[in-house]
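data-v4.json follows (JSON, C-alpha atoms):
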[["chain", "number", "residue", "atom", "x", "y", "z"],
["N", 28, "MET", "CA", 152.52, -41.60, 92.57],
["N", 29, "PHE", "CA", 151.26, -40.67, 96.03],
["N", 30, "VAL", "CA", 153.57, -37.68, 96.62],
["N", 31, "ASN", "CA", 150.90, -34.99, 96.33],
["N", 32, "ALA", "CA", 148.22, -37.16, 97.94],
["N", 33, "ILE", "CA", 150.39, -37.75, 101.02],
["N", 34, "LYS", "CA", 151.01, -34.01, 101.35],
["N", 35, "GLU", "CA", 147.25, -33.41, 101.22],
["N", 36, "VAL", "CA", 146.18, -36.22, 103.56],
["N", 37, "THR", "CA", 148.92, -35.34, 106.07],
["N", 38, "LYS", "CA", 147.16, -32.00, 106.64],
["N", 39, "PHE", "CA", 144.25, -33.62, 108.50],
["N", 40, "THR", "CA", 145.79, -36.89, 109.77],
["N", 41, "ARG", "CA", 147.06, -36.70, 113.33],
["N", 42, "PRO", "CA", 148.75, -38.95, 115.90],
["N", 43, "LEU", "CA", 147.30, -39.93, 119.24],
["N", 44, "GLN", "CA", 150.26, -40.10, 121.61],
["N", 45, "THR", "CA", 149.75, -42.41, 124.56],
["N", 46, "ILE", "CA", 151.92, -43.02, 127.60],
["N", 47, "THR", "CA", 151.15, -45.74, 130.13],
["N", 48, "ARG", "CA", 152.57, -46.95, 133.40],
["N", 49, "ALA", "CA", 152.11, -50.11, 135.46],
["N", 50, "TYR", "CA", 151.58, -50.25, 139.21],
["N", 51, "GLY", "CA", 154.72, -49.90, 141.30],
["N", 52, "ASN", "CA", 156.80, -49.01, 138.25],
["N", 53, "LYS", "CA", 158.31, -45.69, 137.21],
["N", 54, "HIS", "CA", 158.94, -46.90, 133.67],
["N", 55, "ILE", "CA", 156.80, -45.19, 131.00],
["N", 56, "THR", "CA", 155.71, -47.03, 127.88],
["N", 57, "PRO", "CA", 155.00, -44.85, 124.82],
["N", 58, "GLY", "CA", 152.48, -45.74, 122.12],
["N", 59, "LEU", "CA", 151.02, -44.25, 118.96],
["N", 60, "SER", "CA", 147.82, -44.58, 116.98],
["N", 61, "THR", "CA", 146.12, -42.50, 114.31],
["N", 62, "LEU", "CA", 142.95, -40.50, 113.67],
["N", 63, "PHE", "CA", 141.88, -38.22, 110.85],
["N", 64, "PHE", "CA", 139.51, -35.27, 110.80],
["N", 65, "VAL", "CA", 136.35, -35.27, 108.69],
["N", 66, "ASN", "CA", 135.26, -31.66, 109.07],
["N", 67, "GLU", "CA", 136.32, -28.27, 110.40],
["N", 68, "MET", "CA", 134.56, -28.77, 113.76],
["N", 69, "GLY", "CA", 137.07, -30.94, 115.57],
["N", 70, "THR", "CA", 135.46, -34.23, 114.54],
["N", 71, "ALA", "CA", 137.66, -37.19, 113.68],
["N", 72, "VAL", "CA", 137.29, -40.91, 113.03],
["N", 73, "THR", "CA", 139.51, -43.68, 114.31],
["N", 74, "CYS", "CA", 139.27, -47.34, 115.30],
["N", 75, "LYS", "CA", 137.06, -48.45, 118.16],
["N", 76, "HIS", "CA", 140.06, -50.12, 119.82],
["N", 77, "VAL", "CA", 141.96, -46.82, 119.63],
["N", 78, "SER", "CA", 139.03, -44.92, 121.17],
["N", 79, "GLN", "CA", 139.17, -47.35, 124.12],
["N", 80, "LEU", "CA", 142.45, -45.67, 125.10],
["N", 81, "ILE", "CA", 140.57, -42.38, 125.43],
["N", 82, "ILE", "CA", 137.78, -43.89, 127.50],
["N", 83, "ALA", "CA", 140.13, -45.99, 129.66],
["N", 84, "SER", "CA", 142.38, -43.00, 130.33],
["N", 85, "GLU", "CA", 139.80, -41.12, 132.37],
["N", 86, "GLN", "CA", 138.73, -44.25, 134.26],
["N", 87, "ARG", "CA", 142.25, -45.51, 135.10],
["N", 88, "ASN", "CA", 143.63, -42.12, 136.07],
["N", 89, "LYS", "CA", 140.71, -41.33, 138.40],
["N", 90, "GLN", "CA", 140.98, -44.72, 140.04],
["N", 91, "PHE", "CA", 144.71, -44.22, 140.63],
["N", 92, "LEU", "CA", 144.10, -40.81, 142.19],
["N", 93, "ASP", "CA", 141.53, -42.38, 144.51],
["N", 94, "PHE", "CA", 144.02, -45.12, 145.41],
["N", 95, "LYS", "CA", 146.78, -42.60, 146.20],
["N", 96, "ALA", "CA", 144.38, -40.57, 148.34],
["N", 97, "GLU", "CA", 143.58, -43.65, 150.44],
["N", 98, "VAL", "CA", 147.27, -44.59, 150.72],
["N", 99, "ALA", "CA", 148.05, -41.08, 151.97],
["N", 100, "LYS", "CA", 145.64, -41.62, 154.89],
["N", 101, "LEU", "CA", 147.40, -44.78, 156.10],
["N", 102, "HIS", "CA", 149.48, -44.56, 159.25],
["N", 103, "LYS", "CA", 153.20, -44.90, 158.55],
["N", 104, "ASP", "CA", 153.76, -47.54, 161.22],
["N", 105, "HIS", "CA", 153.93, -51.33, 161.52],
["N", 106, "THR", "CA", 150.40, -51.61, 160.05],
["N", 107, "PHE", "CA", 151.26, -49.78, 156.83],
["N", 108, "LYS", "CA", 152.30, -52.78, 154.70],
["N", 109, "ARG", "CA", 149.27, -54.83, 155.74],
["N", 110, "ASN", "CA", 146.86, -51.98, 155.08],
["N", 111, "LEU", "CA", 148.56, -51.16, 151.76],
["N", 112, "LYS", "CA", 148.09, -54.78, 150.70],
["N", 113, "GLY", "CA", 144.41, -54.45, 151.55],
["N", 114, "LEU", "CA", 144.10, -51.42, 149.27],
["N", 115, "GLU", "CA", 145.93, -53.25, 146.47],
["N", 116, "ILE", "CA", 143.39, -56.06, 146.73],
["N", 117, "LYS", "CA", 140.51, -53.55, 146.83],
["N", 118, "TYR", "CA", 141.72, -51.80, 143.66],
["N", 119, "LYS", "CA", 142.91, -55.05, 142.04],
["N", 120, "TYR", "CA", 146.43, -53.70, 141.61],
["N", 121, "LYS", "CA", 149.29, -56.04, 140.74],
["N", 122, "LYS", "CA", 152.75, -55.22, 139.43],
["N", 123, "ASP", "CA", 151.63, -55.53, 135.79],
["N", 124, "THR", "CA", 148.33, -53.62, 136.21],
["N", 125, "THR", "CA", 148.13, -50.45, 134.12],
["N", 126, "VAL", "CA", 147.32, -47.63, 136.51],
["N", 127, "GLN", "CA", 147.90, -44.55, 134.35],
["N", 128, "ILE", "CA", 147.08, -43.72, 130.73],
["N", 129, "LYS", "CA", 147.75, -40.24, 129.37],
["N", 130, "ASN", "CA", 146.87, -39.16, 125.82],
["N", 131, "SER", "CA", 147.95, -36.20, 123.71],
["N", 132, "PHE", "CA", 146.13, -35.11, 120.54],
["N", 133, "MET", "CA", 149.21, -33.62, 118.91],
["N", 134, "GLY", "CA", 148.51, -30.95, 116.29],
["N", 135, "ALA", "CA", 144.74, -31.30, 116.53],
["N", 136, "VAL", "CA", 143.39, -28.21, 118.34],
["N", 137, "ASP", "CA", 144.91, -25.54, 120.58],
["N", 138, "THR", "CA", 143.07, -26.70, 123.70],
["N", 139, "PHE", "CA", 139.86, -28.51, 124.61],
["N", 140, "ASP", "CA", 137.80, -29.19, 127.70],
["N", 141, "GLN", "CA", 135.72, -32.18, 126.61],
["N", 142, "ILE", "CA", 135.97, -35.30, 124.45],
["N", 143, "THR", "CA", 133.01, -37.37, 123.32],
["N", 144, "VAL", "CA", 133.42, -40.82, 121.79],
["N", 145, "LYS", "CA", 130.79, -42.70, 119.80],
["N", 146, "GLN", "CA", 131.60, -46.30, 118.97],
["N", 147, "HIS", "CA", 130.13, -48.32, 116.12],
["N", 148, "PRO", "CA", 127.93, -51.13, 117.48],
["N", 149, "ARG", "CA", 129.51, -53.81, 115.25],
["N", 150, "TYR", "CA", 132.69, -52.65, 113.58],
["N", 151, "ASP", "CA", 136.08, -51.34, 114.69],
["N", 152, "LEU", "CA", 135.12, -47.72, 114.12],
["N", 153, "ALA", "CA", 134.58, -44.69, 116.35],
["N", 154, "ILE", "CA", 133.87, -40.96, 116.12],
["N", 155, "VAL", "CA", 135.93, -38.65, 118.34],
["N", 156, "GLN", "CA", 134.69, -35.11, 118.96],
["N", 157, "LEU", "CA", 136.97, -32.53, 120.59],
["N", 158, "LYS", "CA", 135.02, -29.68, 122.20],
["N", 159, "GLY", "CA", 135.82, -26.33, 123.80],
["N", 160, "PHE", "CA", 138.74, -25.37, 121.54],
["N", 161, "ASN", "CA", 139.56, -21.91, 120.24],
["N", 162, "GLU", "CA", 141.14, -22.91, 116.95],
["N", 163, "ILE", "CA", 141.94, -26.03, 114.99],
["N", 164, "GLN", "CA", 145.55, -26.90, 114.19],
["N", 165, "TYR", "CA", 144.90, -29.32, 111.34],
["N", 166, "ASP", "CA", 144.32, -28.10, 107.80],
["N", 167, "GLY", "CA", 141.39, -29.25, 105.70],
["N", 168, "TYR", "CA", 139.51, -32.51, 106.14],
["N", 169, "ALA", "CA", 138.94, -35.89, 104.52],
["N", 170, "ARG", "CA", 137.16, -36.12, 101.18],
["N", 171, "PHE", "CA", 135.40, -39.48, 101.07],
["N", 172, "LEU", "CA", 134.94, -41.54, 97.92],
["N", 173, "ASN", "CA", 131.45, -41.09, 96.50],
["N", 174, "ASP", "CA", 131.47, -43.94, 93.93],
["N", 175, "THR", "CA", 132.29, -47.19, 95.76],
["N", 176, "SER", "CA", 132.31, -49.14, 92.47],
["N", 177, "LYS", "CA", 135.91, -47.92, 92.20],
["N", 178, "ILE", "CA", 136.91, -50.26, 95.02],
["N", 179, "GLU", "CA", 138.13, -53.12, 92.83],
["N", 180, "GLN", "CA", 140.78, -55.84, 93.02],
["N", 181, "GLY", "CA", 144.11, -54.45, 91.89],
["N", 182, "LYS", "CA", 143.29, -50.85, 92.79],
["N", 183, "TYR", "CA", 146.51, -49.20, 93.98],
["N", 184, "LEU", "CA", 146.04, -47.35, 97.29],
["N", 185, "CYS", "CA", 148.06, -45.94, 100.17],
["N", 186, "ARG", "CA", 147.68, -45.74, 103.95],
["N", 187, "LEU", "CA", 149.07, -43.13, 106.29],
["N", 188, "GLY", "CA", 149.69, -43.23, 110.02],
["N", 189, "PHE", "CA", 152.11, -43.19, 112.92],
["N", 190, "PRO", "CA", 153.54, -46.67, 113.48],
["N", 191, "PHE", "CA", 156.80, -46.01, 115.32],
["N", 192, "PRO", "CA", 156.61, -44.55, 118.89],
["N", 193, "GLU", "CA", 160.04, -42.92, 118.94],
["N", 194, "PHE", "CA", 158.94, -39.79, 120.82],
["N", 195, "ASN", "CA", 160.34, -39.01, 124.27],
["N", 196, "ASN", "CA", 158.42, -35.88, 125.31],
["N", 197, "TYR", "CA", 157.27, -37.38, 128.60],
["N", 198, "LYS", "CA", 158.54, -37.68, 132.16],
["N", 199, "TYR", "CA", 157.89, -39.23, 135.55],
["N", 200, "GLU", "CA", 157.32, -36.73, 138.36],
["N", 201, "GLU", "CA", 158.70, -38.32, 141.51],
["N", 202, "SER", "CA", 157.14, -35.80, 143.89],
["N", 203, "GLN", "CA", 153.65, -36.41, 142.49],
["N", 204, "ASP", "CA", 154.09, -40.09, 141.58],
["N", 205, "ASP", "CA", 152.71, -39.15, 138.18],
["N", 206, "ILE", "CA", 153.51, -39.48, 134.49],
["N", 207, "GLN", "CA", 153.19, -36.39, 132.30],
["N", 208, "PHE", "CA", 153.85, -35.10, 128.82],
["N", 209, "ASP", "CA", 156.87, -32.79, 128.91],
["N", 210, "GLN", "CA", 156.08, -29.47, 127.25],
["N", 211, "ASN", "CA", 159.78, -28.59, 127.21],
["N", 212, "LYS", "CA", 160.62, -31.40, 124.82],
["N", 213, "ARG", "CA", 159.70, -31.51, 121.15],
["N", 214, "ALA", "CA", 157.65, -34.52, 120.09],
["N", 215, "MET", "CA", 159.31, -36.45, 117.25],
["N", 216, "VAL", "CA", 156.43, -38.24, 115.54],
["N", 217, "PRO", "CA", 157.13, -38.78, 111.81],
["N", 218, "ILE", "CA", 154.22, -39.83, 109.64],
["N", 219, "PHE", "CA", 154.68, -43.05, 107.64],
["N", 220, "PRO", "CA", 152.96, -44.19, 104.42],
["N", 221, "ILE", "CA", 152.61, -47.74, 103.08],
["N", 222, "ASP", "CA", 151.18, -48.67, 99.68],
["N", 223, "GLY", "CA", 149.49, -51.79, 98.33],
["N", 224, "ILE", "CA", 146.74, -53.11, 96.10],
["N", 225, "VAL", "CA", 143.23, -54.20, 96.96],
["N", 226, "THR", "CA", 143.23, -58.01, 97.16],
["N", 227, "ARG", "CA", 139.71, -58.87, 98.39],
["N", 228, "ASN", "CA", 136.57, -57.40, 99.89],
["N", 229, "ILE", "CA", 135.68, -58.37, 103.46],
["N", 230, "ALA", "CA", 132.13, -59.21, 104.49],
["N", 231, "GLU", "CA", 130.54, -59.60, 107.93],
["N", 232, "ASN", "CA", 126.89, -60.05, 108.82],
["N", 233, "ASN", "CA", 126.08, -60.40, 105.09],
["N", 234, "GLU", "CA", 127.45, -56.89, 104.55],
["N", 235, "LEU", "CA", 130.52, -55.64, 102.70],
["N", 236, "MET", "CA", 132.39, -53.80, 105.44],
["N", 237, "GLY", "CA", 136.10, -54.05, 104.71],
["N", 238, "ILE", "CA", 138.91, -53.87, 102.18],
["N", 239, "GLU", "CA", 141.84, -56.29, 102.29],
["N", 240, "MET", "CA", 145.21, -54.93, 101.18],
["N", 241, "SER", "CA", 148.26, -56.79, 99.85],
["N", 242, "THR", "CA", 150.54, -55.21, 102.47],
["N", 243, "PRO", "CA", 150.22, -55.01, 106.26],
["N", 244, "GLY", "CA", 148.90, -52.08, 108.21],
["N", 245, "LEU", "CA", 151.66, -51.32, 110.67],
["N", 246, "ARG", "CA", 151.16, -51.06, 114.43],
["N", 247, "GLY", "CA", 150.20, -47.47, 115.15],
["N", 248, "GLN", "CA", 148.57, -46.94, 111.76],
["N", 249, "SER", "CA", 145.22, -48.11, 113.14],
["N", 250, "GLY", "CA", 142.75, -45.30, 112.52],
["N", 251, "GLY", "CA", 144.71, -43.91, 109.57],
["N", 252, "PRO", "CA", 143.13, -43.16, 106.16],
["N", 253, "LEU", "CA", 143.27, -45.38, 103.07],
["N", 254, "PHE", "CA", 143.39, -43.16, 99.97],
["N", 255, "ASP", "CA", 144.13, -42.98, 96.24],
["N", 256, "GLU", "CA", 146.57, -40.90, 94.21],
["N", 257, "ASN", "CA", 144.22, -37.92, 94.45],
["N", 258, "GLY", "CA", 143.93, -38.06, 98.24],
["N", 259, "ILE", "CA", 140.34, -39.36, 98.12],
["N", 260, "VAL", "CA", 139.64, -41.52, 101.19],
["N", 261, "TYR", "CA", 138.52, -45.12, 100.47],
["N", 262, "GLY", "CA", 138.54, -46.39, 104.04],
["N", 263, "MET", "CA", 140.44, -46.62, 107.32],
["N", 264, "GLN", "CA", 143.16, -49.04, 108.48],
["N", 265, "GLN", "CA", 141.90, -51.24, 111.33],
["N", 266, "SER", "CA", 143.97, -54.42, 111.64],
["N", 267, "THR", "CA", 146.35, -56.88, 109.97],
["N", 268, "LYS", "CA", 145.55, -60.49, 109.10],
["N", 269, "HIS", "CA", 148.26, -63.18, 109.10],
["N", 270, "LEU", "CA", 147.89, -66.00, 106.58],
["N", 271, "HIS", "CA", 150.10, -69.06, 106.95],
["N", 272, "LEU", "CA", 151.73, -69.77, 103.58],
["N", 273, "GLY", "CA", 152.78, -73.33, 104.29],
["N", 274, "PHE", "CA", 156.40, -72.72, 103.21],
["N", 275, "ASP", "CA", 157.70, -74.04, 106.51],
["N", 276, "ILE", "CA", 161.38, -74.78, 107.04],
["N", 277, "GLU", "CA", 162.35, -76.97, 109.98],
["N", 278, "ASP", "CA", 165.82, -78.04, 111.08],
["N", 279, "LYS", "CA", 167.36, -76.98, 107.78],
["N", 280, "GLU", "CA", 171.15, -76.77, 108.01],
["N", 281, "LEU", "CA", 172.72, -73.58, 106.68],
["N", 282, "LEU", "CA", 176.31, -72.38, 106.74],
["N", 283, "ILE", "CA", 176.25, -69.12, 108.73],
["N", 284, "LYS", "CA", 179.50, -67.30, 109.53],
["N", 285, "GLY", "CA", 181.44, -70.49, 108.91],
["N", 286, "GLU", "CA", 179.26, -72.66, 111.13],
["N", 287, "LEU", "CA", 176.46, -75.11, 110.30],
["N", 288, "LYS", "CA", 173.29, -74.07, 112.09],
["N", 289, "LYS", "CA", 169.81, -75.54, 112.09],
["N", 290, "ILE", "CA", 167.16, -73.04, 111.01],
["N", 291, "ASN", "CA", 163.39, -72.98, 111.58],
["N", 292, "ASP", "CA", 161.21, -70.57, 109.63],
["N", 293, "TYR", "CA", 157.44, -70.29, 109.31],
["N", 294, "ALA", "CA", 156.28, -67.92, 106.58],
["N", 295, "PHE", "CA", 153.15, -65.76, 106.83],
["N", 296, "LEU", "CA", 151.56, -63.24, 104.51],
["N", 297, "HIS", "CA", 150.52, -60.09, 106.39],
["N", 298, "LEU", "CA", 147.46, -58.40, 104.90],
["N", 299, "GLY", "CA", 146.06, -55.07, 106.04],
["N", 300, "GLN", "CA", 142.32, -54.84, 106.71],
["N", 301, "CYS", "CA", 140.49, -51.54, 106.32],
["N", 302, "ILE", "CA", 136.97, -50.36, 107.14],
["N", 303, "ARG", "CA", 135.15, -49.44, 103.90],
["N", 304, "VAL", "CA", 134.29, -45.84, 103.16],
["N", 305, "ASP", "CA", 130.54, -46.52, 102.93],
["N", 306, "ILE", "CA", 130.53, -47.95, 106.48],
["N", 307, "ILE", "CA", 132.28, -44.81, 107.74],
["N", 308, "LYS", "CA", 129.91, -42.44, 105.90],
["N", 309, "ASP", "CA", 126.84, -44.32, 107.10],
["N", 310, "PHE", "CA", 128.01, -44.10, 110.72],
["N", 311, "LEU", "CA", 128.73, -40.37, 110.35],
["N", 312, "GLU", "CA", 125.28, -39.78, 108.85],
["N", 313, "LYS", "CA", 123.52, -41.67, 111.64],
["N", 314, "ASN", "CA", 125.31, -39.49, 114.18],
["N", 315, "GLN", "CA", 124.55, -36.31, 112.20],
["N", 316, "VAL", "CA", 128.22, -35.54, 111.61],
["N", 317, "LYS", "CA", 129.10, -33.30, 108.69],
["N", 318, "PHE", "CA", 131.52, -34.78, 106.13],
["N", 319, "TYR", "CA", 132.66, -34.21, 102.55],
["N", 320, "GLU", "CA", 132.69, -36.38, 99.44],
["N", 321, "ALA", "CA", 134.56, -36.29, 96.14]]
For this file, produce the structure as structure tokens.
Amino acid sequence: MFVNAIKEVTKFTRPLQTITRAYGNKHITPGLSTLFFVNEMGTAVTCKHVSQLIIASEQRNKQFLDFKAEVAKLHKDHTFKRNLKGLEIKYKYKKDTTVQIKNSFMGAVDTFDQITVKQHPRYDLAIVQLKGFNEIQYDGYARFLNDTSKIEQGKYLCRLGFPFPEFNNYKYEESQDDIQFDQNKRAMVPIFPIDGIVTRNIAENNELMGIEMSTPGLRGQSGGPLFDENGIVYGMQQSTKHLHLGFDIEDKELLIKGELKKINDYAFLHLGQCIRVDIIKDFLEKNQVKFYEA
């Protein structure tokens, strides 16, 4: 049912690759999230919590460069450890503190020299504008639903995003004490759809702002579009709600591989929550961003 729609929506839906590293650790942790473009001018929407990665990246990386510059000035003698500890306290660095965040807007534009982020004052929504590029690498743009009366219980919709961070196109540069994306490796980032029906509307501040879906939005799909069989965008995946079903099993004995074992199980229903299309369009209009409807 969604075969053609997925092909169409994939053209303007892109992953945000993120790599992070903690203080004193060479291990790199990969992550993925999603954004989709709303016009031909490098403008995309995503979740506010995703956009925080963009904002935090510049702040954390600059702070780490400042820290390394101060460390480099320390005398390599008996005072080094004590003075290093003083810098760690100054910068609030512990072994689990994230010191580096690097992002890659894969398949978005050829290059850019500036990013601006505008966050919604109430909802988990943000506008990301890439600037200074020569050409776009995505094809087309979102077509937003014009008639919101079509958002009804039972409506069958699909979400698209990048939930599984299986890519390995990154490296740690020992000589620079730095993490980087490796241009010599191909990024393996498959897009992943998940379908479901509309279960309920979500209201906050006496305003309809969300759509609840019968299936979960997967980690990494945050910021991905919610669309119908024609590829018309109804909203954007933002989070997943977990409802306790009450079908709890405690200390139940089951025969497993020839042995009696006591089993505990607590069942939950995982429901995706999406920002409504009218909230997205209103935010774009207030920020004078061009978008398209269907």
Please report, as CSV, each residue of range 40-143 of chain N lying at most 12 Å from range 312-317 of chain N, together with the nearest pair of atoms and the separation in Å rounded to one decimal; use all atoms listed in the file, and order rows by chain and ascending residue number.
residue,atom,partner,partner_atom,distance
N:Phe64,CA,N:Lys317,CA,10.8
N:Val65,CA,N:Lys317,CA,7.5
N:Asn66,CA,N:Lys317,CA,6.4
N:Glu67,CA,N:Lys317,CA,9.0
N:Met68,CA,N:Lys317,CA,8.7
N:Gly69,CA,N:Val316,CA,10.7
N:Thr70,CA,N:Val316,CA,7.9
N:Ala71,CA,N:Val316,CA,9.8
N:Val72,CA,N:Val316,CA,10.6
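Comparing N:Phe94, N:Tyr150, N:Phe189, N:Tyr319 by their smallest distance to Phe171 in chain N, the closest is N:Tyr319 (using all atoms listed in the file).
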I want to know what sits within 10 Å of Asp204 in chain N, based on only C-alpha atoms, with residues of the same chain fewer than 2 positions away left out; could you give that as an mmCIF file with C-alpha atoms, keeping the file's coordinate frame?
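Result file is result_4.cif:
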data_model
loop_
_atom_site.group_PDB
_atom_site.id
_atom_site.type_symbol
_atom_site.label_atom_id
_atom_site.label_comp_id
_atom_site.auth_asym_id
_atom_site.auth_seq_id
_atom_site.Cartn_x
_atom_site.Cartn_y
_atom_site.Cartn_z
ATOM 1 C CA GLY N 51 154.720 -49.900 141.300
ATOM 2 C CA ASN N 52 156.800 -49.010 138.250
ATOM 3 C CA LYS N 53 158.310 -45.690 137.210
ATOM 4 C CA LYS N 95 146.780 -42.600 146.200
ATOM 5 C CA TYR N 199 157.890 -39.230 135.550
ATOM 6 C CA GLU N 200 157.320 -36.730 138.360
ATOM 7 C CA GLU N 201 158.700 -38.320 141.510
ATOM 8 C CA SER N 202 157.140 -35.800 143.890
ATOM 9 C CA ILE N 206 153.510 -39.480 134.490
#
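In this structure, CA of Glu97 in chain N sits 24.4 Å away from CA of Lys198 in chain N.
Rounded to one decimal, CA of Ser60 in chain N and CA of Gly250 in chain N lie 6.8 Å from each other.
Taking CA of Val77 in chain N and CA of Ser266 in chain N as the two end points, the separation is 11.2 Å.
Among the candidate residues N:Ala99, N:Met28, N:Leu59, N:Ala135, the one lying nearest to Arg246 in chain N is N:Leu59, with distances computed using only C-alpha atoms.
Nearest to Thr40 in chain N of all the residues N:Val98, N:Ile82, N:Leu111, N:Leu62 is N:Leu62, based on only C-alpha atoms.
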Contact residues around Phe295 in chain N with all atoms listed in the file at 12 Å, ignoring same-chain residues under 5 positions, as a VMD selection string: chain N and resid 242 to 243 267 to 275
Residues near Gln265 in chain N, cut-off 12 Å, only C-alpha atoms, skip fewer than 2 positions along chain, as a VMD selection string: chain N and resid 60 to 62 72 to 77 150 to 153 186 to 188 236 to 240 243 to 253 262 to 263 267 to 268 298 to 303
Close residues, range 138-145 of chain N itself excluded, 7 Å, all atoms listed in the file, min 2 positions apart in chain, as a VMD selection string: chain N and resid 78 136 147 153 to 161
Saved selection, atoms kept: C-alpha atoms, as a PDB file, in the coordinates of the input:
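Listing of selection-v8.pdb after writing:
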ATOM      1  CA  SER N  78     139.030 -44.920 121.170  1.00  0.00           C
ATOM      2  CA  VAL N 136     143.390 -28.210 118.340  1.00  0.00           C
ATOM      3  CA  HIS N 147     130.130 -48.320 116.120  1.00  0.00           C
ATOM      4  CA  ALA N 153     134.580 -44.690 116.350  1.00  0.00           C
ATOM      5  CA  ILE N 154     133.870 -40.960 116.120  1.00  0.00           C
ATOM      6  CA  VAL N 155     135.930 -38.650 118.340  1.00  0.00           C
ATOM      7  CA  GLN N 156     134.690 -35.110 118.960  1.00  0.00           C
ATOM      8  CA  LEU N 157     136.970 -32.530 120.590  1.00  0.00           C
ATOM      9  CA  LYS N 158     135.020 -29.680 122.200  1.00  0.00           C
ATOM     10  CA  GLY N 159     135.820 -26.330 123.800  1.00  0.00           C
ATOM     11  CA  PHE N 160     138.740 -25.370 121.540  1.00  0.00           C
ATOM     12  CA  ASN N 161     139.560 -21.910 120.240  1.00  0.00           C
TER      13      ASN N 161
END
Among the residues N:Tyr183, N:Phe310, N:Phe191, N:Tyr50, the one that comes closest to Asp123 in chain N [using all atoms listed in the file]: N:Tyr50
